[in-house]
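To start, the structure itself, in structure tokens.
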Amino acid sequence: MSKLKEKLAKKIEEHRPRTTRLVKEYGDVKVCDVTISQVIGGMRGIKCLVTDISYLDPYEGIRFRGYTIPEVMEKLPKPAGCEMPYVEGHFYLLLTGEIPTEEEVQEVIEEFKKRKQVPQYVYDLLRSMPRDTHPMTMFSAAVLSMQRESKFAKAYAEGKMNKFNYWEYMYEDVMDLLAKLPEIGAYIYRMKYKGDTPIPSNPDLDFGGDFAHMMGIDKPYDDVMRMYFILHSDHESGNVSAHTTHLVASALSDAYYSLSAGLNGLAGPLHGLANQEVLKWIQDLRAKYGDKMPTKEDLEKFCWDTLNSGQVIPGYGHAVLRKTDPRYTAQREFALKHLPDDELFQIVSMLYEVVPGVLEKHGKAKNPWPNVDAHSGVIQWYYGVREYDFYTVLFGIGRALGVLANITWDRALGYPIERPKSVTTDMLEEIAGIK
Ligand code: NMX
Ligand code: MLT
């Protein structure tokens, strides 16, 4: 058994009595009330999920296992000469709650190396799809196609498992799957946009470094991607991709079925696809003003045109956050250091000064501040990844770290099948006292 799995087993044994006690002794204690507007309005704010992997405070933003983004970036071990930490170390943190040592990170790197070979039929499948298929469809289909590899599904079918060791098979699937995602993502990119010239993996590189290598992009793109995967990894449980992955896994569907479903949710324009929408929107803006750098007044007018045509301003607003997303700030700091004079970055910075005021005047969005997607495309664009319909795949590789850590713990703590209750409109009218 790997040291990571051993550590996880110990953590799970320690944690199980806490969950059991809460349910057995305090199961009737009320957590929150539910209003009609919450029932109709996407369950916003209802506290009905549990995860210890990350927590989202509306004003502070995300903490991964209790650590803020700057703390994670500072405390996790980094490859020699690099600015950003190993993605493998972040995954260790998400799974165990502990900052790993250099040696513990190396062990995860070795584990991924053993598992990273992508089956040939995945490439065959990708190659059989029309080239204009959206890369998220390709990515999700590739994940789903590997379901036949699931150790969990096999052991379940053979009747080998009991509830207490479900997690061990889930863990094996999660490690197998995660190890392959960088190669699948980079393959889609090079096949679709770079004249079908895939670059083989370099087994000596870490998760972020190998991804940059397979994309064919020089340093510091490896650090960009380490930062990017870490920032996008988790955003507590209620966002569409995490919640979908959890929901599907709750039926004891394996990691392949569950992640593929979560990725399909991430592909929606109000969720992860917003990063491609932001770039498209900025390109429309630039097309409108030609070579001339738009002024703040131009930007303001463009925002109003967007709103008046009934569209949302992509990259702004959030269901939980009520301040600038710290993931936006982290990327902004990186851009200030590495690409301060880039024209696109300057437009994004000007939008930061303009959009919140416009949205406040517009009076609808509860949060006028930028989210993670308002910034991510600009950095990709700068380093040469200009095919913006690919951006959500990058988000998806990062998000896999969080949602897969979550479903490992779901199995460890024996969370049941998710099945909330619905009511009819007649019933709501009765509850409201109008019927
Ligand atoms: N531009 C214009 N209108 C907005 C925006 C925005 N950026 N954000 C919210 N609104 C509107 C929203 O459409 C709704 O209008 P209506 O009453 O007509 O239905 C109203 O403001 C109230 O919405 P909120 O309660 O503030 O937001 P909600 O929690 O429903 O949705 C988002 C959250 C993120 C879906 C929403 O802010 C949005 O559509 N933002 C733009 C898309 C985006 O950036 N998504 C990425 C989110 C992060 N991610 O990666 O997943
Ligand atoms: C996310 O990272 O999942 C998004 O910010 C959306 C959310 O948290 O609802």
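Numbering starts fresh at 1 for the residues of each chain in the structure tokens, the chains themselves are lettered A, B, ... in the order given, and ligands are numbered from 1 as they appear.
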### Task
Give the residue list for ligand 2 at 6 Å, counting only C-alpha atoms and all ligand atoms, as a PyMOL selection string, sorted by chain and then by residue number.
chain A and resi 235+239+271+319
### Task
For Pro356 of chain A, list every protein, DNA or RNA residue within 8 Å, evaluated using only C-alpha atoms, and leave out those in the same chain fewer than 4 positions away; present the list as a PyMOL selection string.
chain A and resi 352+360+368-370
### Task
For ligand 1, collect every residue having any atom at a distance of at most 6 Å from a ligand atom (counting only C-alpha atoms and all ligand atoms); output as a ChimeraX atom specification.
/A:270-272,274,312-319,364-367,371,373
### alpha helix (DSSP H) positions in segment 121-246 of chain A, given as number ranges by chain
A: 121-128, 135-145, 151-157, 166-193, 207-215, 221-231, 240-246
Segment 134-149 of chain A: which residues within 9 Å, counting only C-alpha atoms, same-chain residues fewer than 4 positions away excluded, as a PDB file with N, CA and C atoms, in the first residue's frame?
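Result written to out-v7.pdb:
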ATOM      1  N   PRO A 119      -5.047   4.286 -22.442  1.00  0.00           N
ATOM      2  CA  PRO A 119      -5.321   3.161 -23.361  1.00  0.00           C
ATOM      3  C   PRO A 119      -5.470   3.650 -24.809  1.00  0.00           C
ATOM      4  N   TYR A 121      -7.478   2.779 -27.068  1.00  0.00           N
ATOM      5  CA  TYR A 121      -8.850   3.002 -27.554  1.00  0.00           C
ATOM      6  C   TYR A 121      -9.355   4.420 -27.248  1.00  0.00           C
ATOM      7  N   VAL A 122      -8.723   5.097 -26.266  1.00  0.00           N
ATOM      8  CA  VAL A 122      -9.130   6.484 -25.976  1.00  0.00           C
ATOM      9  C   VAL A 122      -8.705   7.376 -27.152  1.00  0.00           C
ATOM     10  N   TYR A 123      -7.470   7.164 -27.626  1.00  0.00           N
ATOM     11  CA  TYR A 123      -7.016   7.938 -28.791  1.00  0.00           C
ATOM     12  C   TYR A 123      -7.882   7.610 -30.005  1.00  0.00           C
ATOM     13  N   LEU A 125     -10.933   6.658 -30.049  1.00  0.00           N
ATOM     14  CA  LEU A 125     -12.238   7.320 -29.891  1.00  0.00           C
ATOM     15  C   LEU A 125     -12.136   8.805 -30.259  1.00  0.00           C
ATOM     16  N   LEU A 126     -11.109   9.461 -29.704  1.00  0.00           N
ATOM     17  CA  LEU A 126     -10.956  10.906 -29.965  1.00  0.00           C
ATOM     18  C   LEU A 126     -10.779  11.162 -31.466  1.00  0.00           C
ATOM     19  N   MET A 129     -13.962  11.117 -33.613  1.00  0.00           N
ATOM     20  CA  MET A 129     -14.969  12.182 -33.453  1.00  0.00           C
ATOM     21  C   MET A 129     -14.703  13.286 -34.477  1.00  0.00           C
ATOM     22  N   ALA A 153     -16.008  -0.748 -10.079  1.00  0.00           N
ATOM     23  CA  ALA A 153     -17.146  -1.404 -10.746  1.00  0.00           C
ATOM     24  C   ALA A 153     -16.917  -2.919 -10.828  1.00  0.00           C
ATOM     25  N   LYS A 154     -15.673  -3.303 -11.076  1.00  0.00           N
ATOM     26  CA  LYS A 154     -15.356  -4.730 -11.219  1.00  0.00           C
ATOM     27  C   LYS A 154     -15.542  -5.444  -9.874  1.00  0.00           C
ATOM     28  N   ASP A 173      -9.259   3.924  -8.526  1.00  0.00           N
ATOM     29  CA  ASP A 173      -9.803   4.507  -9.766  1.00  0.00           C
ATOM     30  C   ASP A 173      -9.411   5.975  -9.887  1.00  0.00           C
ATOM     31  N   ASP A 176      -5.787   6.274 -10.863  1.00  0.00           N
ATOM     32  CA  ASP A 176      -5.619   5.852 -12.268  1.00  0.00           C
ATOM     33  C   ASP A 176      -6.100   6.946 -13.219  1.00  0.00           C
ATOM     34  N   LEU A 177      -7.229   7.519 -12.872  1.00  0.00           N
ATOM     35  CA  LEU A 177      -7.876   8.506 -13.736  1.00  0.00           C
ATOM     36  C   LEU A 177      -7.106   9.827 -13.747  1.00  0.00           C
ATOM     37  N   LEU A 181      -5.190  12.379 -17.019  1.00  0.00           N
ATOM     38  CA  LEU A 181      -5.900  13.556 -17.535  1.00  0.00           C
ATOM     39  C   LEU A 181      -5.000  14.556 -18.268  1.00  0.00           C
ATOM     40  N   ILE A 184      -4.479  13.280 -21.795  1.00  0.00           N
ATOM     41  CA  ILE A 184      -5.693  13.327 -22.625  1.00  0.00           C
ATOM     42  C   ILE A 184      -5.966  14.770 -23.055  1.00  0.00           C
ATOM     43  N   GLY A 185      -5.864  15.692 -22.091  1.00  0.00           N
ATOM     44  CA  GLY A 185      -6.126  17.110 -22.406  1.00  0.00           C
ATOM     45  C   GLY A 185      -5.168  17.629 -23.466  1.00  0.00           C
ATOM     46  N   ILE A 188      -5.833  16.200 -26.955  1.00  0.00           N
ATOM     47  CA  ILE A 188      -6.970  16.854 -27.638  1.00  0.00           C
ATOM     48  C   ILE A 188      -6.498  18.174 -28.241  1.00  0.00           C
ATOM     49  N   TYR A 189      -5.712  18.918 -27.473  1.00  0.00           N
ATOM     50  CA  TYR A 189      -5.248  20.234 -27.938  1.00  0.00           C
ATOM     51  C   TYR A 189      -4.389  20.096 -29.190  1.00  0.00           C
ATOM     52  N   LYS A 192      -6.400  18.682 -32.230  1.00  0.00           N
ATOM     53  CA  LYS A 192      -7.433  19.562 -32.771  1.00  0.00           C
ATOM     54  C   LYS A 192      -6.879  20.861 -33.353  1.00  0.00           C
ATOM     55  N   ASP A 254     -19.058   4.648 -10.492  1.00  0.00           N
ATOM     56  CA  ASP A 254     -17.624   4.764 -10.230  1.00  0.00           C
ATOM     57  C   ASP A 254     -17.081   6.146 -10.619  1.00  0.00           C
ATOM     58  N   ALA A 255     -15.776   6.317 -10.404  1.00  0.00           N
ATOM     59  CA  ALA A 255     -15.147   7.626 -10.617  1.00  0.00           C
ATOM     60  C   ALA A 255     -15.230   8.083 -12.078  1.00  0.00           C
ATOM     61  N   TYR A 256     -15.210   7.141 -13.014  1.00  0.00           N
ATOM     62  CA  TYR A 256     -15.239   7.497 -14.443  1.00  0.00           C
ATOM     63  C   TYR A 256     -16.610   8.078 -14.807  1.00  0.00           C
ATOM     64  N   TYR A 257     -17.674   7.363 -14.416  1.00  0.00           N
ATOM     65  CA  TYR A 257     -19.023   7.871 -14.677  1.00  0.00           C
ATOM     66  C   TYR A 257     -19.211   9.232 -13.992  1.00  0.00           C
ATOM     67  N   SER A 258     -18.733   9.319 -12.767  1.00  0.00           N
ATOM     68  CA  SER A 258     -19.014  10.508 -11.951  1.00  0.00           C
ATOM     69  C   SER A 258     -18.268  11.723 -12.478  1.00  0.00           C
ATOM     70  N   LEU A 259     -16.977  11.551 -12.792  1.00  0.00           N
ATOM     71  CA  LEU A 259     -16.212  12.710 -13.277  1.00  0.00           C
ATOM     72  C   LEU A 259     -16.731  13.160 -14.637  1.00  0.00           C
ATOM     73  N   SER A 260     -17.050  12.208 -15.504  1.00  0.00           N
ATOM     74  CA  SER A 260     -17.544  12.587 -16.826  1.00  0.00           C
ATOM     75  C   SER A 260     -18.811  13.437 -16.674  1.00  0.00           C
ATOM     76  N   ALA A 261     -19.692  13.024 -15.763  1.00  0.00           N
ATOM     77  CA  ALA A 261     -20.916  13.803 -15.526  1.00  0.00           C
ATOM     78  C   ALA A 261     -20.581  15.202 -15.012  1.00  0.00           C
ATOM     79  N   GLY A 262     -19.646  15.272 -14.067  1.00  0.00           N
ATOM     80  CA  GLY A 262     -19.262  16.583 -13.515  1.00  0.00           C
ATOM     81  C   GLY A 262     -18.693  17.485 -14.598  1.00  0.00           C
ATOM     82  N   LEU A 263     -17.921  16.909 -15.499  1.00  0.00           N
ATOM     83  CA  LEU A 263     -17.329  17.711 -16.589  1.00  0.00           C
ATOM     84  C   LEU A 263     -18.423  18.251 -17.503  1.00  0.00           C
ATOM     85  N   ASN A 264     -19.483  17.470 -17.684  1.00  0.00           N
ATOM     86  CA  ASN A 264     -20.572  17.948 -18.542  1.00  0.00           C
ATOM     87  C   ASN A 264     -21.226  19.185 -17.926  1.00  0.00           C
ATOM     88  N   LEU A 266     -19.582  21.271 -15.943  1.00  0.00           N
ATOM     89  CA  LEU A 266     -18.567  22.330 -16.042  1.00  0.00           C
ATOM     90  C   LEU A 266     -18.619  22.999 -17.419  1.00  0.00           C
ATOM     91  N   ALA A 267     -19.092  22.250 -18.404  1.00  0.00           N
ATOM     92  CA  ALA A 267     -19.118  22.755 -19.791  1.00  0.00           C
ATOM     93  C   ALA A 267     -20.230  23.770 -20.047  1.00  0.00           C
ATOM     94  N   ASP A 389     -11.877  27.945 -27.036  1.00  0.00           N
ATOM     95  CA  ASP A 389     -12.846  26.906 -26.676  1.00  0.00           C
ATOM     96  C   ASP A 389     -12.170  25.719 -25.966  1.00  0.00           C
ATOM     97  N   PHE A 390     -10.837  25.773 -25.847  1.00  0.00           N
ATOM     98  CA  PHE A 390     -10.116  24.726 -25.105  1.00  0.00           C
ATOM     99  C   PHE A 390     -10.028  25.043 -23.605  1.00  0.00           C
ATOM    100  N   TYR A 391     -10.270  26.290 -23.241  1.00  0.00           N
ATOM    101  CA  TYR A 391      -9.962  26.707 -21.858  1.00  0.00           C
ATOM    102  C   TYR A 391     -10.681  25.883 -20.778  1.00  0.00           C
ATOM    103  N   THR A 392     -11.909  25.454 -21.090  1.00  0.00           N
ATOM    104  CA  THR A 392     -12.649  24.739 -20.032  1.00  0.00           C
ATOM    105  C   THR A 392     -12.044  23.350 -19.768  1.00  0.00           C
ATOM    106  N   VAL A 393     -11.341  22.804 -20.749  1.00  0.00           N
ATOM    107  CA  VAL A 393     -10.642  21.523 -20.504  1.00  0.00           C
ATOM    108  C   VAL A 393      -9.575  21.736 -19.420  1.00  0.00           C
ATOM    109  N   GLY A 396     -11.216  21.754 -16.298  1.00  0.00           N
ATOM    110  CA  GLY A 396     -11.670  20.395 -15.973  1.00  0.00           C
ATOM    111  C   GLY A 396     -10.569  19.532 -15.376  1.00  0.00           C
TER     112      GLY A 396
END
### Message
Neighbouring residues of Lys47 of chain A were defined as those with any atom within 10 Å, considering only C-alpha atoms; residues of the same chain fewer than 3 positions away were excluded. Please report them as a VMD selection string.
### Response
chain A and resid 31 to 34 43 to 44 50 238
#### Entry: Polymer residues at most 8 Å from segment 51-68 of chain A, only C-alpha atoms, same-chain spacing of 3 or more positions, as a PyMOL selection string
chain A and resi 71-72+93-95+97+234-237+320-323+325-326+402+405-406
The selected residues should be written to file as a PDB file, in the first residue's frame (atoms: C-alpha atoms).
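Ended up saving to again-v4.pdb:
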ATOM      1  CA  GLU A  71      -0.789  29.941   2.201  1.00  0.00           C
ATOM      2  CA  VAL A  72      -1.144  26.954  -0.146  1.00  0.00           C
ATOM      3  CA  LEU A  93      -3.306  18.187   0.805  1.00  0.00           C
ATOM      4  CA  LEU A  94      -6.866  17.911  -0.531  1.00  0.00           C
ATOM      5  CA  LEU A  95      -7.035  14.204   0.250  1.00  0.00           C
ATOM      6  CA  GLY A  97      -5.603  17.691   5.017  1.00  0.00           C
ATOM      7  CA  ASP A 234     -12.063  22.799  -5.623  1.00  0.00           C
ATOM      8  CA  HIS A 235     -14.759  25.278  -4.626  1.00  0.00           C
ATOM      9  CA  GLU A 236     -16.610  23.422  -1.897  1.00  0.00           C
ATOM     10  CA  SER A 237     -19.439  21.020  -2.765  1.00  0.00           C
ATOM     11  CA  VAL A 320     -21.761  32.491  -3.151  1.00  0.00           C
ATOM     12  CA  LEU A 321     -18.919  35.034  -3.363  1.00  0.00           C
ATOM     13  CA  ARG A 322     -19.634  38.650  -2.519  1.00  0.00           C
ATOM     14  CA  LYS A 323     -16.137  40.033  -3.160  1.00  0.00           C
ATOM     15  CA  ASP A 325     -12.602  36.016  -6.141  1.00  0.00           C
ATOM     16  CA  PRO A 326      -9.131  35.401  -4.615  1.00  0.00           C
ATOM     17  CA  GLY A 402     -11.046  18.365  -6.003  1.00  0.00           C
ATOM     18  CA  ALA A 405     -10.775  13.767  -3.646  1.00  0.00           C
ATOM     19  CA  ASN A 406     -14.341  14.484  -2.565  1.00  0.00           C
TER      20      ASN A 406
END
### Task
Find the spatial neighbours of segment 201-204 of chain A, counting only C-alpha atoms, within a cut-off of 12 Å - ignore same-chain residues fewer than 2 positions away - and output them as a PyMOL selection string.
chain A and resi 79+106+109-118+179-187+198-199+206-216
